[in-house]
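Asker: Have a look at this one before I ask anything.
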Amino acid sequence: MTENKQSKPLHFEISSALKSVIGRDLITNDFIAIFELVKNSFDANAKNVNLLFEDHDGKIEKIFIIDDGKGMSYEDLVNKWLFVAYSAKKDGSEDNESHKIYAGNKGVGRFSCDRLGGRLRLQSKSVQDQSVHILDVDWGKFEKDAKLKFENIDVKHEVASKFYLPNGILHHQNAGVILEISDLREPDSWDRTKLKRLRTNLAKLINPFGNVTSSITLNMFCQREKALDDKLQNQYSENISLNPADPIDPPSLVNGPVVNDIFNILRDKTTSLMVELDTNNHFVTTLIDRGELIYCIQEGTSQYPLLADSEFSCQIFSLNQSAKALFKRRTGIHSVAFGSLFLFRNGFRVMPIGDETDDSWGIDRRHQQGHSRTLGTRDIMGRVDIAGPETKFKETSSRDGGLVETEASSQLFEYVFKKCIRRLEQYVVGVTWQDSIDKHHETAQRLNLDENRANIIELVSKLAGAKDIELVDYSRNLVDVLNEKSLYFESSVEKLANIAENLQNDELQQNVERARKRFAELKKAEEEARNIASRELKARLEAEKQTKIEMKLRADAEKRAEEENRLKQEAELRAHKESDLKRQAEIKADQESQLKQLAELQAKKINSAYEEEKKRNLFLLSHENRDVDQLESFLHQIIIYTSAAKQKITSTLIKLNNDNEINKDELTSSLSDLLESVEKIMTTSRFATSANFKLDSTKITDDIAIYIKEYLERISTAYNSRIQIKVDSDSKKFVTTFTPIELGMVLDNLVSNSKKARSSFIHFVLKNEGNSVLNITATDNGKGLDHSILETERIFEKGVTTTRGSGLGLFHCRKQIEKMGGEIFITEEQPPHGFRISIRLRK
């Protein structure tokens, strides 16, 4: 049996090698090390954190991290900072505030200094201290002999009367900490690229919604990079002053405040809705789309009285494709992983509202009922701010369960959902989602299309007429009278009249009345053109009816002639049988002779009438293989276009005769409309003579891809012998409503422009972009875009040309394509020799 020995407790002994285990081995790179140290400054309630890189002969030798937080006393240094792995933040004794959330609480962040450099000089002063306490740590001492005990290695301590600060840093606070890291581990690695990467990553520590509620300022300094920073900043400022309408992106600098302005960037790239409580206790809601004001309204707080003194504000962004890509590019993470609509109470975030999987606002529950009609959490990002006591807005005791349900919190969630999320949704779903091409654009240029403007006018009209809502402002550029020829004119002009009446806007009301008058004149001219066409059609039908009557008379005459011939033959037979009655036969022969003469005379008349009728119907007989209804439809269209041209010429001549001075713009506009009518007539005539095409009405619903291919191969090719036209199409069936004549005119203009540019070949390629967009690209081998045109979009302006043309062809093309809800543009990638233009059409 084993002899019992008296037992006694044993203890771990700690090797000095522990320093590397929890230092360089745990903190894997320089960026993480600096993050940990900066987070400690945040937790120390610092207002300012300065990160300084000091160089000698171009090489970084020291890194300073300076804050004006609460600092550490001598007791803090001994009992907390030098106590390995102990965290006062974790056990709640750091500030005697158990509810405070800290950025770091593991107790190992101090060893981040070891990752950066071999020596550390720490200066610290608390508010109560009169002196600055200094620790000098040589991390190399911990690496000489692993058998040495950790606690037996000396750390030098001294006291100074004031802080020692590097050049360029002013430190007026009464407390704080200065970390001076020297003997850097990788001094050569701290080039400009690494410093800029550090700055970008530090921005993720800053409030991602800007500095509105953040009281911490984080600055970076590096004198070595100051000259280049100043140069880049000056170049940027000069560019802004020279090209204010087309600024470049701000330069990437090293020096200066570290901020996260991702929401400021998003504001110009997507749709945003902002709500604030003003000094008069009104909710003021502003909707902006890619820099363009849509509307601004205000309403009282009577429905939500418990929000009246809550300092409520809300900022929500709709994340279109462009915004999501920008967010990923600037932050390095996908927007869905970042979160959606966050809630902040008294400047601190209420968890978990806004997290990736959170649906506290009820957005996704509703979104599941109709993806194409509502926004989901993946489609928005933003923040809601409130202030108030816990009696109104109280967080759950777990600190990660959101708000306790109270009457005030119920009003908050209802208001955000109904007045913020739903209003943003009404615009995004009702306007921008209706235009499937708009998602390709970072700017608001397509909002100027008639269909989109009509949708915006309808939205603003509803707000202007709503009870308890005051329309403060709106986009004068978008909410204005549409062109009288627009398909949406009649529906929008009445809504504009309502807006003008509600706002008592005399100028808008006058514009509406003038537009109504112009529209009435246009309708009158169109009606007269159709009446002329109808009269022409009626006259032609009457002529055809008369021709049928004459043809019947000719048939009757031929029948009578045949009867007379039969009688003549019978008479001759009787003459042979009645030879004995010679005299009677002679008399009868004389009668027959007279009858014969009469019959021959009648036959001549019939033959003459028949020949005359043949001449009269020669055109119809020579085209008897044509569909008469088909020809009628083309002729009817030509008459309408001709009548419209006649009306425009007459109107212009009257104005020229009555006015003392000729308005050049008005005359140019009239000639442009006249040219458009003539081009339509030419295109229609080509249909009538070359196309086996049934035009039942002005618009048709059919496969537009097939139409484009057949038109180019059958009609354009027949009329353009000096240029080869090739069409390739991998487009699936693309059925939509369009105007064949106007689309044919666009295609004719593109081919004509290529001929003028001395092209011998033009290649059309048709492809589907998803299910709702058809892309048509035309590439020729001509002389290309003239170098004198610096802004390519100008070629679509009226009168701009570099050939002997009118400068109206592409202007008319854009007008017709935008009328169809599509777009035409110059592609960024141009062929080495030639020109490429692209069209997008949507269903």
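Identifiers in this document derive from the order of the structure tokens: chains are assigned A, B, ..., residues are numbered from 1 separately in each chain, and ligands are numbered from 1 in order of occurrence.
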Would you kindly return, as a PDB file with C-alpha atoms, in the first residue's frame, each protein, DNA or RNA residue with an atom no farther than 12 Å from any atom of Asn775 of chain A, considering only C-alpha atoms and excluding same-chain residues fewer than 2 positions away?
Answerer:
ATOM      1  CA  ILE A 437     -33.576  51.005 -67.610  1.00  0.00           C
ATOM      2  CA  ILE A 704     -40.205  44.236 -81.894  1.00  0.00           C
ATOM      3  CA  ALA A 705     -36.939  42.307 -82.405  1.00  0.00           C
ATOM      4  CA  ILE A 708     -36.358  45.533 -86.517  1.00  0.00           C
ATOM      5  CA  ASP A 728     -27.462  39.611 -85.957  1.00  0.00           C
ATOM      6  CA  SER A 729     -30.049  38.786 -83.328  1.00  0.00           C
ATOM      7  CA  ASP A 730     -29.916  36.359 -80.448  1.00  0.00           C
ATOM      8  CA  SER A 731     -32.922  38.065 -78.899  1.00  0.00           C
ATOM      9  CA  LYS A 732     -35.661  35.927 -77.459  1.00  0.00           C
ATOM     10  CA  PHE A 734     -39.668  40.534 -77.093  1.00  0.00           C
ATOM     11  CA  PHE A 764     -26.786  45.798 -86.008  1.00  0.00           C
ATOM     12  CA  VAL A 765     -26.713  43.445 -82.989  1.00  0.00           C
ATOM     13  CA  LEU A 766     -29.890  42.716 -80.984  1.00  0.00           C
ATOM     14  CA  LYS A 767     -29.590  41.231 -77.469  1.00  0.00           C
ATOM     15  CA  ASN A 768     -31.858  40.839 -74.462  1.00  0.00           C
ATOM     16  CA  GLU A 769     -30.812  42.376 -71.136  1.00  0.00           C
ATOM     17  CA  GLY A 770     -32.885  40.304 -68.737  1.00  0.00           C
ATOM     18  CA  ASN A 771     -36.564  39.890 -69.523  1.00  0.00           C
ATOM     19  CA  SER A 772     -37.546  43.533 -69.831  1.00  0.00           C
ATOM     20  CA  VAL A 773     -34.818  45.324 -71.847  1.00  0.00           C
ATOM     21  CA  THR A 777     -26.146  48.231 -81.018  1.00  0.00           C
ATOM     22  CA  ALA A 778     -25.212  49.707 -84.405  1.00  0.00           C
ATOM     23  CA  GLY A 822     -36.184  53.778 -74.022  1.00  0.00           C
ATOM     24  CA  GLU A 823     -32.850  55.514 -74.381  1.00  0.00           C
ATOM     25  CA  ILE A 824     -30.241  56.063 -77.099  1.00  0.00           C
ATOM     26  CA  PHE A 825     -26.626  56.802 -76.220  1.00  0.00           C
ATOM     27  CA  THR A 827     -21.222  53.724 -76.111  1.00  0.00           C
ATOM     28  CA  ILE A 837     -24.342  53.802 -80.974  1.00  0.00           C
ATOM     29  CA  SER A 838     -26.702  51.853 -78.742  1.00  0.00           C
ATOM     30  CA  ILE A 839     -30.442  51.806 -78.041  1.00  0.00           C
ATOM     31  CA  ARG A 840     -32.209  50.293 -75.040  1.00  0.00           C
ATOM     32  CA  LEU A 841     -35.941  49.549 -75.366  1.00  0.00           C
ATOM     33  CA  ARG A 842     -38.069  48.319 -72.494  1.00  0.00           C
ATOM     34  CA  LYS A 843     -41.389  46.542 -72.272  1.00  0.00           C
TER      35      LYS A 843
END
Asker: So, with only C-alpha atoms as the atoms that count, which of A:Gly291, A:Pro740, A:Gly376, A:Gly784 lies closest to Glu425 of chain A?
Answerer: A:Gly376
Asker: Pick out the residues sitting within 12 Å of Ser491 of chain A, and hand them over as an mmCIF file with all heavy atoms, in the first residue's frame; count only C-alpha atoms, and ignore anything fewer than 5 positions along from it in its own chain.
Answerer:
data_model
loop_
_atom_site.group_PDB
_atom_site.id
_atom_site.type_symbol
_atom_site.label_atom_id
_atom_site.label_comp_id
_atom_site.auth_asym_id
_atom_site.auth_seq_id
_atom_site.Cartn_x
_atom_site.Cartn_y
_atom_site.Cartn_z
ATOM 1 N N ASP A 450 -40.978 61.689 -70.058
ATOM 2 C CA ASP A 450 -42.377 62.059 -69.831
ATOM 3 C C ASP A 450 -43.085 61.094 -68.891
ATOM 4 O O ASP A 450 -43.830 61.506 -67.995
ATOM 5 C CB ASP A 450 -43.123 62.123 -71.170
ATOM 6 C CG ASP A 450 -42.700 63.314 -72.002
ATOM 7 O OD1 ASP A 450 -42.090 64.240 -71.437
ATOM 8 O OD2 ASP A 450 -42.964 63.319 -73.219
ATOM 9 N N GLU A 451 -42.874 59.789 -69.079
ATOM 10 C CA GLU A 451 -43.569 58.806 -68.240
ATOM 11 C C GLU A 451 -43.157 58.950 -66.781
ATOM 12 O O GLU A 451 -44.005 58.924 -65.878
ATOM 13 C CB GLU A 451 -43.266 57.392 -68.730
ATOM 14 C CG GLU A 451 -43.958 56.299 -67.922
ATOM 15 C CD GLU A 451 -43.644 54.903 -68.440
ATOM 16 O OE1 GLU A 451 -42.904 54.785 -69.436
ATOM 17 O OE2 GLU A 451 -44.141 53.938 -67.832
ATOM 18 N N ARG A 453 -41.796 61.625 -65.311
ATOM 19 C CA ARG A 453 -42.271 62.915 -64.806
ATOM 20 C C ARG A 453 -43.758 62.850 -64.480
ATOM 21 O O ARG A 453 -44.210 63.418 -63.474
ATOM 22 C CB ARG A 453 -42.002 64.017 -65.821
ATOM 23 C CG ARG A 453 -40.531 64.408 -65.946
ATOM 24 C CD ARG A 453 -40.344 65.508 -66.971
ATOM 25 N NE ARG A 453 -41.081 66.702 -66.612
ATOM 26 C CZ ARG A 453 -41.343 67.696 -67.475
ATOM 27 N NH1 ARG A 453 -40.926 67.620 -68.723
ATOM 28 N NH2 ARG A 453 -42.017 68.747 -67.063
ATOM 29 N N ALA A 454 -44.525 62.150 -65.315
ATOM 30 C CA ALA A 454 -45.964 62.015 -65.063
ATOM 31 C C ALA A 454 -46.216 61.285 -63.750
ATOM 32 O O ALA A 454 -47.115 61.654 -62.977
ATOM 33 C CB ALA A 454 -46.631 61.281 -66.223
ATOM 34 N N ASN A 455 -45.419 60.241 -63.459
ATOM 35 C CA ASN A 455 -45.564 59.517 -62.193
ATOM 36 C C ASN A 455 -45.207 60.398 -61.004
ATOM 37 O O ASN A 455 -45.850 60.339 -59.948
ATOM 38 C CB ASN A 455 -44.681 58.264 -62.196
ATOM 39 C CG ASN A 455 -45.191 57.201 -63.147
ATOM 40 O OD1 ASN A 455 -46.390 57.108 -63.412
ATOM 41 N ND2 ASN A 455 -44.289 56.394 -63.669
ATOM 42 N N ILE A 457 -45.376 63.724 -60.938
ATOM 43 C CA ILE A 457 -46.450 64.730 -60.834
ATOM 44 C C ILE A 457 -47.648 64.155 -60.098
ATOM 45 O O ILE A 457 -48.252 64.809 -59.242
ATOM 46 C CB ILE A 457 -46.849 65.227 -62.239
ATOM 47 C CG1 ILE A 457 -45.719 66.081 -62.840
ATOM 48 C CG2 ILE A 457 -48.146 66.019 -62.198
ATOM 49 C CD1 ILE A 457 -45.912 66.418 -64.301
ATOM 50 N N GLU A 458 -47.991 62.904 -60.411
ATOM 51 C CA GLU A 458 -49.121 62.261 -59.731
ATOM 52 C C GLU A 458 -48.846 62.128 -58.231
ATOM 53 O O GLU A 458 -49.725 62.399 -57.396
ATOM 54 C CB GLU A 458 -49.385 60.885 -60.345
ATOM 55 C CG GLU A 458 -50.562 60.164 -59.700
ATOM 56 C CD GLU A 458 -50.866 58.835 -60.363
ATOM 57 O OE1 GLU A 458 -50.106 58.440 -61.276
ATOM 58 O OE2 GLU A 458 -51.855 58.201 -59.967
ATOM 59 N N SER A 461 -48.967 65.541 -56.604
ATOM 60 C CA SER A 461 -50.351 66.013 -56.590
ATOM 61 C C SER A 461 -51.134 65.408 -55.433
ATOM 62 O O SER A 461 -51.915 66.093 -54.761
ATOM 63 C CB SER A 461 -51.023 65.651 -57.918
ATOM 64 O OG SER A 461 -52.396 65.972 -57.904
ATOM 65 N N VAL A 481 -45.150 71.457 -66.759
ATOM 66 C CA VAL A 481 -45.982 71.045 -67.892
ATOM 67 C C VAL A 481 -45.184 70.184 -68.865
ATOM 68 O O VAL A 481 -44.057 70.526 -69.245
ATOM 69 C CB VAL A 481 -46.531 72.287 -68.620
ATOM 70 C CG1 VAL A 481 -47.355 71.864 -69.822
ATOM 71 C CG2 VAL A 481 -47.379 73.115 -67.661
ATOM 72 N N LEU A 482 -45.766 69.042 -69.262
ATOM 73 C CA LEU A 482 -45.140 68.171 -70.247
ATOM 74 C C LEU A 482 -45.382 68.718 -71.646
ATOM 75 O O LEU A 482 -46.237 69.582 -71.872
ATOM 76 C CB LEU A 482 -45.719 66.754 -70.161
ATOM 77 C CG LEU A 482 -45.605 66.026 -68.817
ATOM 78 C CD1 LEU A 482 -46.175 64.623 -68.951
ATOM 79 C CD2 LEU A 482 -44.166 65.955 -68.361
ATOM 80 N N GLU A 484 -46.936 68.992 -75.171
ATOM 81 C CA GLU A 484 -48.329 68.723 -75.539
ATOM 82 C C GLU A 484 -48.475 67.432 -76.349
ATOM 83 O O GLU A 484 -49.541 66.828 -76.397
ATOM 84 C CB GLU A 484 -48.908 69.886 -76.353
ATOM 85 C CG GLU A 484 -48.978 71.197 -75.604
ATOM 86 C CD GLU A 484 -47.644 71.922 -75.610
ATOM 87 O OE1 GLU A 484 -47.007 71.990 -76.675
ATOM 88 O OE2 GLU A 484 -47.221 72.379 -74.539
ATOM 89 N N SER A 486 -46.944 64.684 -75.701
ATOM 90 C CA SER A 486 -46.689 63.536 -74.847
ATOM 91 C C SER A 486 -47.962 62.722 -74.630
ATOM 92 O O SER A 486 -49.077 63.265 -74.551
ATOM 93 C CB SER A 486 -46.152 63.997 -73.484
ATOM 94 O OG SER A 486 -46.137 62.936 -72.572
ATOM 95 N N LEU A 496 -51.359 68.891 -62.368
ATOM 96 C CA LEU A 496 -50.590 70.122 -62.195
ATOM 97 C C LEU A 496 -51.508 71.284 -61.822
ATOM 98 O O LEU A 496 -51.137 72.149 -61.021
ATOM 99 C CB LEU A 496 -49.828 70.443 -63.482
ATOM 100 C CG LEU A 496 -48.590 69.592 -63.765
ATOM 101 C CD1 LEU A 496 -48.078 69.856 -65.167
ATOM 102 C CD2 LEU A 496 -47.493 69.887 -62.751
ATOM 103 N N ALA A 497 -52.691 71.282 -62.414
ATOM 104 C CA ALA A 497 -53.661 72.334 -62.075
ATOM 105 C C ALA A 497 -54.053 72.235 -60.596
ATOM 106 O O ALA A 497 -54.196 73.262 -59.915
ATOM 107 C CB ALA A 497 -54.889 72.212 -62.968
ATOM 108 N N ASN A 498 -54.209 71.018 -60.099
ATOM 109 C CA ASN A 498 -54.548 70.834 -58.678
ATOM 110 C C ASN A 498 -53.412 71.323 -57.789
ATOM 111 O O ASN A 498 -53.648 71.948 -56.748
ATOM 112 C CB ASN A 498 -54.833 69.358 -58.404
ATOM 113 C CG ASN A 498 -56.085 68.872 -59.094
ATOM 114 O OD1 ASN A 498 -56.988 69.661 -59.400
ATOM 115 N ND2 ASN A 498 -56.159 67.573 -59.361
ATOM 116 N N ARG A 516 -52.748 74.058 -71.970
ATOM 117 C CA ARG A 516 -54.071 73.580 -72.386
ATOM 118 C C ARG A 516 -54.467 74.190 -73.727
ATOM 119 O O ARG A 516 -55.033 73.508 -74.600
ATOM 120 C CB ARG A 516 -55.110 73.952 -71.331
ATOM 121 C CG ARG A 516 -55.115 73.040 -70.110
ATOM 122 C CD ARG A 516 -56.022 73.597 -69.047
ATOM 123 N NE ARG A 516 -56.253 72.644 -67.968
ATOM 124 C CZ ARG A 516 -56.789 72.963 -66.804
ATOM 125 N NH1 ARG A 516 -57.140 74.236 -66.559
ATOM 126 N NH2 ARG A 516 -56.978 72.046 -65.871
#
Asker: DSSP on the backbone: what in segment 155-399 of chain A comes out alpha helix (DSSP H), as a tab-separated table (two decimals) with N, CA, C and O atoms, in the first residue's frame?
Answerer:
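Everything below was put into out00.tsv:
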chain	number	residue	atom	x	y	z
A	192	ARG	N	3.26	54.97	-48.23
A	192	ARG	CA	2.00	55.74	-48.38
A	192	ARG	C	0.80	54.82	-48.59
A	192	ARG	O	-0.28	55.05	-48.05
A	193	THR	N	1.02	53.73	-49.34
A	193	THR	CA	-0.08	52.81	-49.60
A	193	THR	C	-0.61	52.19	-48.31
A	193	THR	O	-1.82	52.11	-48.08
A	194	LYS	N	0.30	51.79	-47.43
A	194	LYS	CA	-0.13	51.17	-46.17
A	194	LYS	C	-0.82	52.19	-45.26
A	194	LYS	O	-1.82	51.86	-44.59
A	195	LEU	N	-0.32	53.41	-45.26
A	195	LEU	CA	-0.95	54.44	-44.43
A	195	LEU	C	-2.37	54.74	-44.91
A	195	LEU	O	-3.29	54.95	-44.10
A	196	LYS	N	-2.57	54.76	-46.23
A	196	LYS	CA	-3.92	55.00	-46.77
A	196	LYS	C	-4.85	53.83	-46.45
A	196	LYS	O	-6.04	54.02	-46.15
A	197	ARG	N	-4.32	52.61	-46.52
A	197	ARG	CA	-5.11	51.44	-46.16
A	197	ARG	C	-5.52	51.49	-44.68
A	197	ARG	O	-6.64	51.15	-44.32
A	198	LEU	N	-4.59	51.92	-43.84
A	198	LEU	CA	-4.89	52.05	-42.42
A	198	LEU	C	-6.01	53.06	-42.21
A	198	LEU	O	-6.95	52.83	-41.43
A	199	ARG	N	-5.91	54.18	-42.89
A	199	ARG	CA	-6.92	55.23	-42.76
A	199	ARG	C	-8.31	54.70	-43.16
A	199	ARG	O	-9.31	54.95	-42.49
A	200	THR	N	-8.36	53.95	-44.26
A	200	THR	CA	-9.62	53.38	-44.73
A	200	THR	C	-10.20	52.42	-43.70
A	200	THR	O	-11.41	52.43	-43.43
A	201	ASN	N	-9.36	51.59	-43.12
A	201	ASN	CA	-9.84	50.62	-42.16
A	201	ASN	C	-10.25	51.28	-40.84
A	201	ASN	O	-11.18	50.83	-40.17
A	202	LEU	N	-9.54	52.34	-40.45
A	202	LEU	CA	-9.92	53.05	-39.23
A	202	LEU	C	-11.30	53.70	-39.36
A	202	LEU	O	-12.01	53.85	-38.37
A	226	LYS	N	2.82	65.00	-46.07
A	226	LYS	CA	2.07	66.26	-46.08
A	226	LYS	C	2.17	66.97	-47.41
A	226	LYS	O	1.18	67.50	-47.94
A	227	ALA	N	3.36	67.02	-48.01
A	227	ALA	CA	3.55	67.76	-49.27
A	227	ALA	C	2.70	67.17	-50.38
A	227	ALA	O	2.03	67.90	-51.14
A	228	LEU	N	2.69	65.84	-50.51
A	228	LEU	CA	1.90	65.20	-51.56
A	228	LEU	C	0.41	65.38	-51.30
A	228	LEU	O	-0.38	65.61	-52.23
A	229	ASP	N	0.00	65.29	-50.04
A	229	ASP	CA	-1.41	65.53	-49.69
A	229	ASP	C	-1.85	66.93	-50.12
A	229	ASP	O	-2.91	67.12	-50.72
A	230	ASP	N	-1.02	67.92	-49.81
A	230	ASP	CA	-1.35	69.31	-50.17
A	230	ASP	C	-1.45	69.47	-51.69
A	230	ASP	O	-2.33	70.16	-52.20
A	231	LYS	N	-0.53	68.83	-52.41
A	231	LYS	CA	-0.55	68.92	-53.87
A	231	LYS	C	-1.83	68.31	-54.45
A	231	LYS	O	-2.49	68.91	-55.31
A	232	LEU	N	-2.19	67.13	-53.97
A	232	LEU	CA	-3.41	66.47	-54.46
A	232	LEU	C	-4.65	67.27	-54.10
A	232	LEU	O	-5.58	67.40	-54.90
A	233	GLN	N	-4.65	67.86	-52.90
A	233	GLN	CA	-5.81	68.64	-52.48
A	233	GLN	C	-5.95	69.90	-53.32
A	233	GLN	O	-7.06	70.30	-53.69
A	234	ASN	N	-4.83	70.54	-53.65
A	234	ASN	CA	-4.87	71.74	-54.50
A	234	ASN	C	-5.36	71.41	-55.89
A	234	ASN	O	-6.14	72.16	-56.49
A	235	GLN	N	-4.88	70.28	-56.45
A	235	GLN	CA	-5.34	69.87	-57.77
A	235	GLN	C	-6.84	69.60	-57.76
A	235	GLN	O	-7.55	69.96	-58.71
A	236	TYR	N	-7.30	68.98	-56.70
A	236	TYR	CA	-8.73	68.70	-56.59
A	236	TYR	C	-9.54	70.00	-56.51
A	236	TYR	O	-10.57	70.14	-57.17
A	237	SER	N	-9.08	70.94	-55.71
A	237	SER	CA	-9.77	72.23	-55.57
A	237	SER	C	-9.81	72.97	-56.89
A	237	SER	O	-10.83	73.59	-57.25
A	238	GLU	N	-8.70	72.94	-57.64
A	238	GLU	CA	-8.67	73.60	-58.95
A	238	GLU	C	-9.66	72.95	-59.91
A	238	GLU	O	-10.35	73.63	-60.68
A	239	ASN	N	-9.73	71.63	-59.88
A	239	ASN	CA	-10.67	70.93	-60.77
A	239	ASN	C	-12.10	71.29	-60.44
A	239	ASN	O	-12.94	71.47	-61.33
A	240	ILE	N	-12.40	71.39	-59.13
A	240	ILE	CA	-13.76	71.75	-58.71
A	240	ILE	C	-14.12	73.14	-59.22
A	240	ILE	O	-15.23	73.38	-59.70
A	241	SER	N	-13.16	74.06	-59.13
A	241	SER	CA	-13.45	75.44	-59.56
A	241	SER	C	-13.58	75.54	-61.08
A	241	SER	O	-14.38	76.33	-61.58
A	242	LEU	N	-12.81	74.73	-61.82
A	242	LEU	CA	-12.86	74.77	-63.28
A	242	LEU	C	-14.04	73.97	-63.84
A	242	LEU	O	-14.62	74.34	-64.86
A	262	ILE	N	-19.79	57.48	-45.89
A	262	ILE	CA	-20.44	56.62	-46.88
A	262	ILE	C	-21.87	57.07	-47.15
A	262	ILE	O	-22.35	57.02	-48.28
A	263	PHE	N	-22.59	57.59	-46.12
A	263	PHE	CA	-23.96	58.01	-46.37
A	263	PHE	C	-24.02	59.30	-47.18
A	263	PHE	O	-24.95	59.51	-47.95
A	264	ASN	N	-23.02	60.17	-47.00
A	264	ASN	CA	-22.97	61.36	-47.84
A	264	ASN	C	-22.75	60.99	-49.30
A	264	ASN	O	-23.26	61.63	-50.21
A	265	ILE	N	-21.96	59.94	-49.52
A	265	ILE	CA	-21.72	59.47	-50.89
A	265	ILE	C	-22.98	58.83	-51.45
A	265	ILE	O	-23.37	59.07	-52.59
A	266	LEU	N	-23.67	58.01	-50.64
A	266	LEU	CA	-24.89	57.35	-51.10
A	266	LEU	C	-25.96	58.37	-51.48
A	266	LEU	O	-26.74	58.14	-52.40
A	267	ARG	N	-25.97	59.51	-50.77
A	267	ARG	CA	-27.02	60.49	-51.00
A	267	ARG	C	-27.06	60.94	-52.45
A	267	ARG	O	-28.12	61.24	-52.99
A	321	GLN	N	-28.96	49.10	-57.47
A	321	GLN	CA	-27.77	48.33	-57.82
A	321	GLN	C	-26.50	49.17	-57.69
A	321	GLN	O	-25.47	48.71	-57.20
A	322	SER	N	-26.58	50.42	-58.14
A	322	SER	CA	-25.42	51.29	-58.10
A	322	SER	C	-24.99	51.56	-56.66
A	322	SER	O	-23.80	51.53	-56.33
A	323	ALA	N	-25.95	51.80	-55.76
A	323	ALA	CA	-25.64	52.10	-54.37
A	323	ALA	C	-25.04	50.89	-53.66
A	323	ALA	O	-24.11	51.01	-52.86
A	324	LYS	N	-25.57	49.71	-53.95
A	324	LYS	CA	-25.03	48.49	-53.33
A	324	LYS	C	-23.59	48.26	-53.77
A	324	LYS	O	-22.73	47.88	-52.96
A	325	ALA	N	-23.32	48.47	-55.06
A	325	ALA	CA	-21.96	48.28	-55.56
A	325	ALA	C	-21.01	49.30	-54.95
A	325	ALA	O	-19.88	48.98	-54.58
A	326	LEU	N	-21.47	50.55	-54.83
A	326	LEU	CA	-20.64	51.60	-54.22
A	326	LEU	C	-20.35	51.28	-52.77
A	326	LEU	O	-19.21	51.44	-52.29
A	327	PHE	N	-21.35	50.82	-52.03
A	327	PHE	CA	-21.15	50.49	-50.61
A	327	PHE	C	-20.11	49.38	-50.46
A	327	PHE	O	-19.22	49.47	-49.61
A	328	LYS	N	-20.21	48.35	-51.30
A	328	LYS	CA	-19.25	47.24	-51.23
A	328	LYS	C	-17.84	47.73	-51.56
A	328	LYS	O	-16.86	47.34	-50.92
A	329	ARG	N	-17.75	48.63	-52.53
A	329	ARG	CA	-16.44	49.13	-52.96
A	329	ARG	C	-15.81	50.00	-51.88
A	329	ARG	O	-14.60	49.94	-51.66
A	330	ARG	N	-16.60	50.80	-51.18
A	330	ARG	CA	-16.05	51.74	-50.22
A	330	ARG	C	-15.84	51.14	-48.83
A	330	ARG	O	-14.99	51.59	-48.08
A	331	THR	N	-16.65	50.12	-48.47
A	331	THR	CA	-16.55	49.56	-47.12
A	331	THR	C	-15.93	48.17	-47.10
A	331	THR	O	-15.48	47.72	-46.04
A	335	SER	N	-23.83	45.29	-48.42
A	335	SER	CA	-24.77	46.10	-47.64
A	335	SER	C	-25.67	45.24	-46.78
A	335	SER	O	-26.03	45.62	-45.66
A	336	VAL	N	-26.07	44.05	-47.27
A	336	VAL	CA	-26.98	43.21	-46.50
A	336	VAL	C	-26.31	42.72	-45.21
A	336	VAL	O	-26.96	42.56	-44.18
A	337	ALA	N	-24.99	42.53	-45.26
A	337	ALA	CA	-24.26	42.10	-44.06
A	337	ALA	C	-24.09	43.25	-43.09
A	337	ALA	O	-23.96	43.04	-41.88
A	338	PHE	N	-24.10	44.47	-43.59
A	338	PHE	CA	-23.94	45.65	-42.74
A	338	PHE	C	-25.20	45.88	-41.90
A	338	PHE	O	-25.13	46.18	-40.71
A	363	ILE	N	-40.67	45.10	-41.91
A	363	ILE	CA	-40.49	45.36	-43.35
A	363	ILE	C	-40.57	44.07	-44.16
A	363	ILE	O	-41.30	43.98	-45.15
A	364	ASP	N	-39.82	43.05	-43.74
A	364	ASP	CA	-39.77	41.81	-44.51
A	364	ASP	C	-41.07	41.01	-44.42
A	364	ASP	O	-41.43	40.29	-45.36
A	365	ARG	N	-41.76	41.09	-43.30
A	365	ARG	CA	-43.05	40.38	-43.18
A	365	ARG	C	-44.01	40.86	-44.26
A	365	ARG	O	-44.71	40.06	-44.88
A	366	ARG	N	-44.03	42.15	-44.49
A	366	ARG	CA	-44.90	42.70	-45.54
A	366	ARG	C	-44.33	42.44	-46.91
A	366	ARG	O	-45.07	42.18	-47.87
A	367	HIS	N	-43.00	42.47	-47.02
A	367	HIS	CA	-42.34	42.29	-48.32
A	367	HIS	C	-42.60	40.89	-48.89
A	367	HIS	O	-42.65	40.72	-50.11
Asker: How far is it from atom CA of Glu311 of chain A to atom CA of Leu341 of chain A, in Å with one decimal?
Answerer: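 Atom-to-atom, atom CA of Glu311 of chain A to atom CA of Leu341 of chain A, that is 17.6 Å.
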Asker: Considering only C-alpha atoms, return as a ChimeraX atom specification whatever protein or nucleic-acid residues lie within 10 Å of Leu785 of chain A, sequence-local ones (same chain, fewer than 6 positions apart) excluded.
Answerer: /A:757,792,795,802,826,830,833-836
